[in-house]
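Colleague: Can you keep this structure in mind? I'll have questions shortly.
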Amino acid sequence: MLTHDDQLSLLKLISKQLKKNITCYAFGGNAMMFYGYKAETKDVDLLFETIEDRDEFIKAIKVLGFQQSSPINVYVPEKLKDKHKPLMFSRQDYRLDLFVKKIFRTKLSPKMKEDKFAVHEFEKLRINVLRKEHLVYLKGITNRQNDFDDIRLILSKEKNFDWNYFIEEVLWQDSQGDTWALMDIEKMLKELKEYVFIEEKYFKRLYDSKK
Amino acid sequence: MNINLLTIEGLWTAEILAEELGYTRQSTINLLSKLKKQGHVTAIGNKKRLYKITAKKQLPRKPGLYDILNKYNPNFQIMPPYDHQAHYNYQVENALVDAVQTKNFRVLLATLKLFNHIKNWKKLYALAKEIDVWQEIGALYDVAKLFFRVRKMPEKYRKNKFKKWKYLILTYKTKELIFNSIKEKWKVQIPFKLGDLRKVKYVNS
C-alpha cells in the first residue's frame with residue numbers, strides 16, 4: 001500500500017527522471033489522499049493529455065524499476081475491451097494506472113480542466129487534482145473493487161457535495177458519447193441511496209435526459 | 001466516544017465544544033487530543049486556544065504560488081482558486097513566472113511587489129524565456145519600478161528588442177498615458193489603471 005508520504009516521495013523521484021515538463025490529472029485513491037480522505041491507497045491513477053507525455057512518464061518509471069503488468073482481475077472484462085483502458089505498471093506494492101486522453105469512454109471535460117481542487121508541482125511534473133464531484137463520477141464509472149467504498153468515504157467526509165455539478169458532468173459526458181456514463185452512474189446512485197440521502201430530482205434529471 | 005466529525009466541523013474552544021457535546025471540559029480536551037493525533041484537529045493560538053476540526057485529515061502544506069503572492073502582499077490578499085503546492089525549492093522567481101501565466105488581473109497586480117524580492121535574475125530570465133514570457137515580466141518590472149521599491153534588474157536583461165505585441169490579459173489594452181513608454185519598450189499592453197495600483201500600494205484602500 002502507498003501512503004501519502006510515499007506518494008509524494010515517488011512523484012519527486014519520477015519528476016527527477018523526466019526530460020521535459022509534464023502535466024497530468026490525479027483522480028483515484030491517490031487524489032483522495034491529497035484531500036486527506038484516506039491514508040493509503042493501492043494504486044496511483046493518472047490521466048495524461050497526450051501519448052507523448054505518457055510515454056515520457058513511462059520512460060521515467062521504467063528507470064525506477066516499474067514493469068508493465070496486466071489489468072486483468074483489476075477492471076471488469078467489458079472495460080478491458082475499451083481502447084482507452086490504462087497501461088498498468090507495478091513495482092512491489094506500488095501500482096500505476098496510466099490513462100491517456102480518456103478514462104475508458106470518459107473525456108477530460110472543460111470543467112475538469114478548469115475547476116481543479118489542487119495543483120501539486122514536482123519540478124518537471126505537475127499533478128492537477130480533480131474536484132471531489134469528478135472523483136466520485138470517475139469512481140462511479142471505473143467499477144473496480146473498493147471504488148464504491150471510496151465514494152461512500154468521500155460523501156461521509158463532505159458536507160458540501162454539489163450534486164447539481166455532479167449530474168451536469170454526467171450529462172455532459174453522455175452528450176459527448178460516453179454511452180456508459182448514465183447507466184453506470186444510475187446504478188451507482190441506486191446503490192448509494194441505501195447509505196446517503198440523494199434527492200429524487202437528480203435521478204429525474206438522469207431519466208429525463210434519455211427521453 | 002463515536003462522533004460524526006461532520007457535525008462538529010469548524011472552529012471551537014474547548015468549553016463551547018464541551019457544552020455542545022454535553023461532555024466535561026476534561027473529556028473534551030481528551031477527545032481533541034485524540035483527534036489531533038489522527039490529524040483531524042489543529043490548534044490555533046496560545047492563550048485562548050481555538051481548535052479547527054475537519055472530517056478530512058489536515059495534511060501539512062508546502063507553499064506555492066498563492067502563498068508567496070500573499071506573503072509579499074499583506075494588504076492585497078488573493079483568494080486561491082485552487083490549492084497550489086510546490087514540492088521543490090519554489091522561490092519568488094518561479095512564482096513570478098507562474099503568476100504571469102494565470103492571466104488573472106489580481107494575480108498580475110500582486111506580482112508587482114515580488115520584484116523587490118528577486119535574488120536570482122539569471123534564474124528568472126531562464127524560466128521566463130523557456131515559456132516565452134520575458135516580455136511580460138520586463139513590462140511588469142517597469143510598472144513596479146514606478147510605484148514600489150524593486151531590486152535592480154541587470155542591464156543585460158533589458159537589451160532585448162521585441163516585434164510581436166503581447167497582452168498581459170487578452171484584449172485589455174493600455175489606457176493610462178503613464179504606461180505608454182513601457183508599452184512601447186516591451187511591446188506589452190498594460191491593463192492596470194492608477195487606482196488599481198493604489199490598492200496594492202496603500203494599506204486598507
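Following the order of the C-alpha cells, chains are lettered A, B, ..., residues in each are numbered from 1, and ligands are numbered from 1.
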Could you list, as number ranges by chain, every residue of chain A that has an atom within 10 Å of an atom of chain B, counting only C-alpha atoms?
Modeller: A: 4, 8-9, 11-12, 32-39, 114-123, 126-129, 131, 154, 156-159
Colleague: Restricting the output to N, CA and C atoms, write the selected residues as an mmCIF file, in the first residue's frame.
Modeller:
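Result went into selection29.cif, see below:
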data_model
loop_
_atom_site.group_PDB
_atom_site.id
_atom_site.type_symbol
_atom_site.label_atom_id
_atom_site.label_comp_id
_atom_site.auth_asym_id
_atom_site.auth_seq_id
_atom_site.Cartn_x
_atom_site.Cartn_y
_atom_site.Cartn_z
ATOM 1 N N HIS A 4 0.459 8.658 1.840
ATOM 2 C CA HIS A 4 0.571 9.989 1.235
ATOM 3 C C HIS A 4 2.050 10.388 1.086
ATOM 4 N N LEU A 8 4.221 11.188 -2.342
ATOM 5 C CA LEU A 8 4.985 12.413 -2.607
ATOM 6 C C LEU A 8 6.435 12.077 -2.963
ATOM 7 N N SER A 9 7.003 11.132 -2.226
ATOM 8 C CA SER A 9 8.399 10.755 -2.497
ATOM 9 C C SER A 9 8.517 10.130 -3.887
ATOM 10 N N LEU A 11 6.560 10.578 -6.503
ATOM 11 C CA LEU A 11 6.373 11.587 -7.556
ATOM 12 C C LEU A 11 7.622 12.471 -7.700
ATOM 13 N N LYS A 12 8.258 12.753 -6.563
ATOM 14 C CA LYS A 12 9.506 13.539 -6.614
ATOM 15 C C LYS A 12 10.572 12.780 -7.405
ATOM 16 N N MET A 32 -7.559 11.084 -3.601
ATOM 17 C CA MET A 32 -8.240 11.131 -2.291
ATOM 18 C C MET A 32 -7.245 11.383 -1.159
ATOM 19 N N MET A 33 -6.029 10.913 -1.327
ATOM 20 C CA MET A 33 -5.020 11.168 -0.289
ATOM 21 C C MET A 33 -4.626 12.645 -0.257
ATOM 22 N N PHE A 34 -4.612 13.289 -1.437
ATOM 23 C CA PHE A 34 -4.292 14.723 -1.459
ATOM 24 C C PHE A 34 -5.353 15.525 -0.700
ATOM 25 N N TYR A 35 -6.588 15.018 -0.679
ATOM 26 C CA TYR A 35 -7.658 15.683 0.068
ATOM 27 C C TYR A 35 -7.555 15.395 1.575
ATOM 28 N N GLY A 36 -6.940 14.249 1.926
ATOM 29 C CA GLY A 36 -6.958 13.812 3.323
ATOM 30 C C GLY A 36 -8.128 12.889 3.616
ATOM 31 N N TYR A 37 -8.786 12.361 2.579
ATOM 32 C CA TYR A 37 -9.908 11.440 2.796
ATOM 33 C C TYR A 37 -9.416 10.086 3.302
ATOM 34 N N LYS A 38 -8.266 9.652 2.790
ATOM 35 C CA LYS A 38 -7.764 8.354 3.218
ATOM 36 C C LYS A 38 -6.241 8.401 3.383
ATOM 37 N N ALA A 39 -5.741 7.423 4.133
ATOM 38 C CA ALA A 39 -4.324 7.464 4.481
ATOM 39 C C ALA A 39 -3.465 6.691 3.495
ATOM 40 N N GLU A 114 -10.688 23.155 -15.685
ATOM 41 C CA GLU A 114 -10.761 24.482 -15.061
ATOM 42 C C GLU A 114 -10.901 24.425 -13.543
ATOM 43 N N ASP A 115 -11.824 23.561 -13.068
ATOM 44 C CA ASP A 115 -12.163 23.585 -11.637
ATOM 45 C C ASP A 115 -11.343 22.589 -10.835
ATOM 46 N N LYS A 116 -10.050 22.792 -10.820
ATOM 47 C CA LYS A 116 -9.215 21.840 -10.090
ATOM 48 C C LYS A 116 -9.366 22.046 -8.586
ATOM 49 N N PHE A 117 -9.107 20.995 -7.829
ATOM 50 C CA PHE A 117 -9.074 21.139 -6.366
ATOM 51 C C PHE A 117 -7.689 21.627 -5.935
ATOM 52 N N ALA A 118 -6.668 21.034 -6.545
ATOM 53 C CA ALA A 118 -5.301 21.396 -6.142
ATOM 54 C C ALA A 118 -4.330 21.142 -7.283
ATOM 55 N N VAL A 119 -3.198 21.835 -7.207
ATOM 56 C CA VAL A 119 -2.102 21.564 -8.141
ATOM 57 C C VAL A 119 -0.856 21.287 -7.307
ATOM 58 N N HIS A 120 -0.251 20.138 -7.528
ATOM 59 C CA HIS A 120 0.990 19.794 -6.826
ATOM 60 C C HIS A 120 2.113 19.756 -7.851
ATOM 61 N N GLU A 121 3.107 20.599 -7.653
ATOM 62 C CA GLU A 121 4.214 20.659 -8.615
ATOM 63 C C GLU A 121 5.451 19.981 -8.077
ATOM 64 N N PHE A 122 6.060 19.174 -8.924
ATOM 65 C CA PHE A 122 7.307 18.495 -8.581
ATOM 66 C C PHE A 122 8.327 18.811 -9.678
ATOM 67 N N GLU A 123 8.816 20.009 -9.723
ATOM 68 C CA GLU A 123 9.737 20.490 -10.761
ATOM 69 C C GLU A 123 9.220 20.237 -12.169
ATOM 70 N N ARG A 126 3.665 18.141 -13.061
ATOM 71 C CA ARG A 126 2.592 18.938 -12.469
ATOM 72 C C ARG A 126 1.363 18.046 -12.364
ATOM 73 N N ILE A 127 0.891 17.861 -11.132
ATOM 74 C CA ILE A 127 -0.271 16.988 -10.913
ATOM 75 C C ILE A 127 -1.486 17.851 -10.577
ATOM 76 N N ASN A 128 -2.494 17.817 -11.432
ATOM 77 C CA ASN A 128 -3.738 18.514 -11.130
ATOM 78 C C ASN A 128 -4.679 17.530 -10.441
ATOM 79 N N VAL A 129 -5.146 17.897 -9.273
ATOM 80 C CA VAL A 129 -6.055 17.010 -8.537
ATOM 81 C C VAL A 129 -7.488 17.454 -8.822
ATOM 82 N N ARG A 131 -11.673 17.829 -8.779
ATOM 83 C CA ARG A 131 -12.661 18.140 -7.742
ATOM 84 C C ARG A 131 -13.333 16.883 -7.226
ATOM 85 N N ILE A 154 -15.895 9.401 0.604
ATOM 86 C CA ILE A 154 -15.872 10.833 0.233
ATOM 87 C C ILE A 154 -17.136 11.517 0.756
ATOM 88 N N SER A 156 -19.043 10.652 3.139
ATOM 89 C CA SER A 156 -19.150 10.693 4.601
ATOM 90 C C SER A 156 -18.295 11.805 5.189
ATOM 91 N N LYS A 157 -17.345 12.329 4.375
ATOM 92 C CA LYS A 157 -16.451 13.361 4.908
ATOM 93 C C LYS A 157 -16.724 14.740 4.317
ATOM 94 N N GLU A 158 -17.751 14.839 3.497
ATOM 95 C CA GLU A 158 -18.029 16.112 2.841
ATOM 96 C C GLU A 158 -19.427 16.623 3.140
ATOM 97 N N LYS A 159 -19.481 17.823 3.706
ATOM 98 C CA LYS A 159 -20.789 18.451 3.928
ATOM 99 C C LYS A 159 -21.326 19.004 2.616
#
Colleague: Write out as a PyMOL selection string each polymer residue whose atoms come within 12 Å of range 178-181 of chain B, counting only C-alpha atoms; drop sequence neighbours fewer than 5 positions from it.
Modeller: chain B and resi 139-147+173+186-194
Colleague: How would you write, as an MDAnalysis selection string, the set of residues in range 19-206 of chain A that DSSP gives as strand (DSSP E or B)?
Modeller: chainID A and resid 22:26 40:41 43:48 67:69 72 75 87:91 94:100 102:103 106:107 118:122 125:129
Colleague: Just the selected residues (N, CA and C atoms), exported as a compact mmCIF listing (two decimals), in the first residue's frame, please.
Modeller:
# COMPACT_ATOMS: atom_id res chain seq x y z
N ILE A 22 5.76 17.88 -17.72
CA ILE A 22 4.56 17.07 -18.00
C ILE A 22 3.45 17.49 -17.02
N THR A 23 2.24 17.58 -17.56
CA THR A 23 1.09 17.82 -16.70
C THR A 23 0.17 16.61 -16.77
N CYS A 24 -0.34 16.18 -15.63
CA CYS A 24 -1.33 15.09 -15.66
C CYS A 24 -2.36 15.31 -14.56
N TYR A 25 -3.39 14.48 -14.58
CA TYR A 25 -4.52 14.65 -13.66
C TYR A 25 -4.63 13.44 -12.74
N ALA A 26 -4.76 13.69 -11.44
CA ALA A 26 -4.92 12.59 -10.47
C ALA A 26 -6.39 12.47 -10.13
N GLU A 40 -4.05 5.70 2.84
CA GLU A 40 -3.25 4.91 1.90
C GLU A 40 -4.11 4.41 0.74
N THR A 41 -3.43 4.01 -0.33
CA THR A 41 -4.15 3.54 -1.50
C THR A 41 -3.35 2.41 -2.16
N ASP A 43 -3.24 2.07 -5.57
CA ASP A 43 -2.70 2.45 -6.88
C ASP A 43 -2.73 3.96 -7.08
N VAL A 44 -1.94 4.38 -8.05
CA VAL A 44 -1.92 5.80 -8.44
C VAL A 44 -2.55 5.89 -9.83
N ASP A 45 -3.68 6.59 -9.93
CA ASP A 45 -4.36 6.76 -11.22
C ASP A 45 -4.01 8.11 -11.80
N LEU A 46 -3.48 8.11 -13.02
CA LEU A 46 -3.12 9.38 -13.65
C LEU A 46 -3.65 9.42 -15.08
N LEU A 47 -4.11 10.59 -15.47
CA LEU A 47 -4.59 10.79 -16.84
C LEU A 47 -3.69 11.82 -17.52
N PHE A 48 -3.20 11.46 -18.71
CA PHE A 48 -2.34 12.37 -19.49
C PHE A 48 -3.11 12.90 -20.68
N GLN A 67 7.54 -2.19 -13.91
CA GLN A 67 7.35 -3.05 -15.08
C GLN A 67 5.87 -3.12 -15.42
N GLN A 68 5.61 -3.27 -16.71
CA GLN A 68 4.20 -3.31 -17.13
C GLN A 68 3.53 -4.56 -16.56
N SER A 69 2.29 -4.37 -16.10
CA SER A 69 1.55 -5.51 -15.55
C SER A 69 0.18 -5.59 -16.21
N ILE A 72 -5.92 -7.37 -16.12
CA ILE A 72 -6.93 -8.42 -15.88
C ILE A 72 -7.04 -8.63 -14.37
N TYR A 75 -9.86 -4.62 -13.57
CA TYR A 75 -11.05 -4.00 -14.16
C TYR A 75 -12.00 -5.08 -14.67
N LEU A 87 -2.61 1.72 -19.24
CA LEU A 87 -1.42 0.89 -19.16
C LEU A 87 -1.06 0.81 -17.69
N MET A 88 -0.80 -0.41 -17.22
CA MET A 88 -0.53 -0.56 -15.79
C MET A 88 0.92 -0.94 -15.55
N PHE A 89 1.52 -0.31 -14.56
CA PHE A 89 2.91 -0.59 -14.20
C PHE A 89 3.00 -0.84 -12.70
N SER A 90 3.79 -1.85 -12.33
CA SER A 90 3.91 -2.16 -10.90
C SER A 90 5.37 -2.31 -10.49
N ARG A 91 5.56 -2.10 -9.22
CA ARG A 91 6.87 -2.38 -8.60
C ARG A 91 6.55 -2.70 -7.15
N TYR A 94 3.61 -1.02 -5.22
CA TYR A 94 3.12 0.19 -5.89
C TYR A 94 2.58 -0.15 -7.28
N ARG A 95 1.44 0.43 -7.61
CA ARG A 95 0.90 0.22 -8.96
C ARG A 95 0.47 1.56 -9.55
N LEU A 96 0.80 1.76 -10.82
CA LEU A 96 0.41 3.00 -11.50
C LEU A 96 -0.53 2.65 -12.65
N ASP A 97 -1.71 3.25 -12.70
CA ASP A 97 -2.64 3.07 -13.83
C ASP A 97 -2.58 4.34 -14.66
N LEU A 98 -2.09 4.21 -15.89
CA LEU A 98 -1.84 5.41 -16.69
C LEU A 98 -2.79 5.49 -17.89
N PHE A 99 -3.67 6.46 -17.86
CA PHE A 99 -4.64 6.66 -18.94
C PHE A 99 -4.15 7.80 -19.83
N VAL A 100 -4.60 7.78 -21.07
CA VAL A 100 -4.28 8.92 -21.92
C VAL A 100 -5.53 9.37 -22.68
N LYS A 102 -8.50 9.73 -22.50
CA LYS A 102 -9.79 9.34 -21.94
C LYS A 102 -9.62 8.31 -20.83
N ILE A 103 -10.58 8.28 -19.91
CA ILE A 103 -10.63 7.20 -18.92
C ILE A 103 -11.75 6.29 -19.42
N THR A 106 -14.70 8.12 -20.93
CA THR A 106 -14.87 9.45 -20.32
C THR A 106 -13.78 10.41 -20.77
N LYS A 107 -14.24 11.56 -21.27
CA LYS A 107 -13.29 12.58 -21.73
C LYS A 107 -12.86 13.47 -20.57
N ALA A 118 -6.67 21.03 -6.55
CA ALA A 118 -5.30 21.40 -6.14
C ALA A 118 -4.33 21.14 -7.28
N VAL A 119 -3.20 21.83 -7.21
CA VAL A 119 -2.10 21.56 -8.14
C VAL A 119 -0.86 21.29 -7.31
N HIS A 120 -0.25 20.14 -7.53
CA HIS A 120 0.99 19.79 -6.83
C HIS A 120 2.11 19.76 -7.85
N GLU A 121 3.11 20.60 -7.65
CA GLU A 121 4.21 20.66 -8.61
C GLU A 121 5.45 19.98 -8.08
N PHE A 122 6.06 19.17 -8.92
CA PHE A 122 7.31 18.49 -8.58
C PHE A 122 8.33 18.81 -9.68
N LEU A 125 7.10 17.77 -13.08
CA LEU A 125 5.81 17.07 -13.09
C LEU A 125 4.77 17.90 -12.36
N ARG A 126 3.67 18.14 -13.06
CA ARG A 126 2.59 18.94 -12.47
C ARG A 126 1.36 18.05 -12.36
N ILE A 127 0.89 17.86 -11.13
CA ILE A 127 -0.27 16.99 -10.91
C ILE A 127 -1.49 17.85 -10.58
N ASN A 128 -2.49 17.82 -11.43
CA ASN A 128 -3.74 18.51 -11.13
C ASN A 128 -4.68 17.53 -10.44
N VAL A 129 -5.15 17.90 -9.27
CA VAL A 129 -6.06 17.01 -8.54
C VAL A 129 -7.49 17.45 -8.82
Colleague: As a list in words, please: the residues near Lys123 in chain B (cut-off 12 Å, only C-alpha atoms, same-chain neighbours under 2 positions excluded).
Modeller: Tyr90, Gln91, Val92, Glu93, Asn94, Ala95, Leu96, Val97, Ile118, Lys119, Asn120, Trp121, Tyr125, Ala126, Leu127, Ala128, Lys129, Glu130, Trp134 and Tyr157 of chain B
Colleague: Save the residues we just selected, C-alpha atoms, as an mmCIF file, in the first residue's frame?
Modeller:
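Wrote it out as again.cif, contents follow:
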data_model
loop_
_atom_site.group_PDB
_atom_site.id
_atom_site.type_symbol
_atom_site.label_atom_id
_atom_site.label_comp_id
_atom_site.auth_asym_id
_atom_site.auth_seq_id
_atom_site.Cartn_x
_atom_site.Cartn_y
_atom_site.Cartn_z
ATOM 1 C CA TYR B 90 9.933 27.020 -5.208
ATOM 2 C CA GLN B 91 11.040 30.634 -4.994
ATOM 3 C CA VAL B 92 9.844 34.102 -5.899
ATOM 4 C CA GLU B 93 11.299 33.664 -9.412
ATOM 5 C CA ASN B 94 9.158 30.560 -10.004
ATOM 6 C CA ALA B 95 6.088 32.268 -8.560
ATOM 7 C CA LEU B 96 6.510 35.284 -10.849
ATOM 8 C CA VAL B 97 6.642 33.153 -13.991
ATOM 9 C CA ILE B 118 14.140 38.754 -6.768
ATOM 10 C CA LYS B 119 17.562 37.397 -5.865
ATOM 11 C CA ASN B 120 18.410 35.419 -8.946
ATOM 12 C CA TRP B 121 17.784 37.362 -12.173
ATOM 13 C CA TYR B 125 15.308 35.089 -17.120
ATOM 14 C CA ALA B 126 15.885 31.412 -17.917
ATOM 15 C CA LEU B 127 12.469 30.348 -16.543
ATOM 16 C CA ALA B 128 10.697 33.151 -18.396
ATOM 17 C CA LYS B 129 12.492 32.519 -21.678
ATOM 18 C CA GLU B 130 11.613 28.826 -21.513
ATOM 19 C CA TRP B 134 10.140 37.568 -20.603
ATOM 20 C CA TYR B 157 18.333 41.592 -19.497
#
Colleague: What does the structure give for the distance between CA of Gly65 in chain A and CA of Asp93 in chain A, in Å to one decimal?
Modeller: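 Atom-to-atom, CA of Gly65 in chain A and CA of Asp93 in chain A are spaced 12.3 Å apart.
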Colleague: If you measure from CA of Ala43 in chain B to CA of Thr13 in chain B, what distance in Å do you get, rounded to one decimal?
Modeller: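 CA of Thr13 in chain B lies 9.6 Å from CA of Ala43 in chain B.
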Colleague: Contacts of range 182-188 of chain A at 6 Å or less, counting only C-alpha atoms, minus same-chain residues fewer than 2 places along, as an MDAnalysis selection string?
Modeller: chainID A and resid 140:141 180 190:191
Colleague: Among range 12-209 of chain A, which residues does DSSP mark as helix (DSSP H, G or I) when it is run on the backbone? Keep the chain and numbering as in the structure and answer as a ChimeraX atom specification.
Modeller: /A:12-17,29-35,51-63,77-80,110-114,132-142,147-156,163-175,181-192,200-209
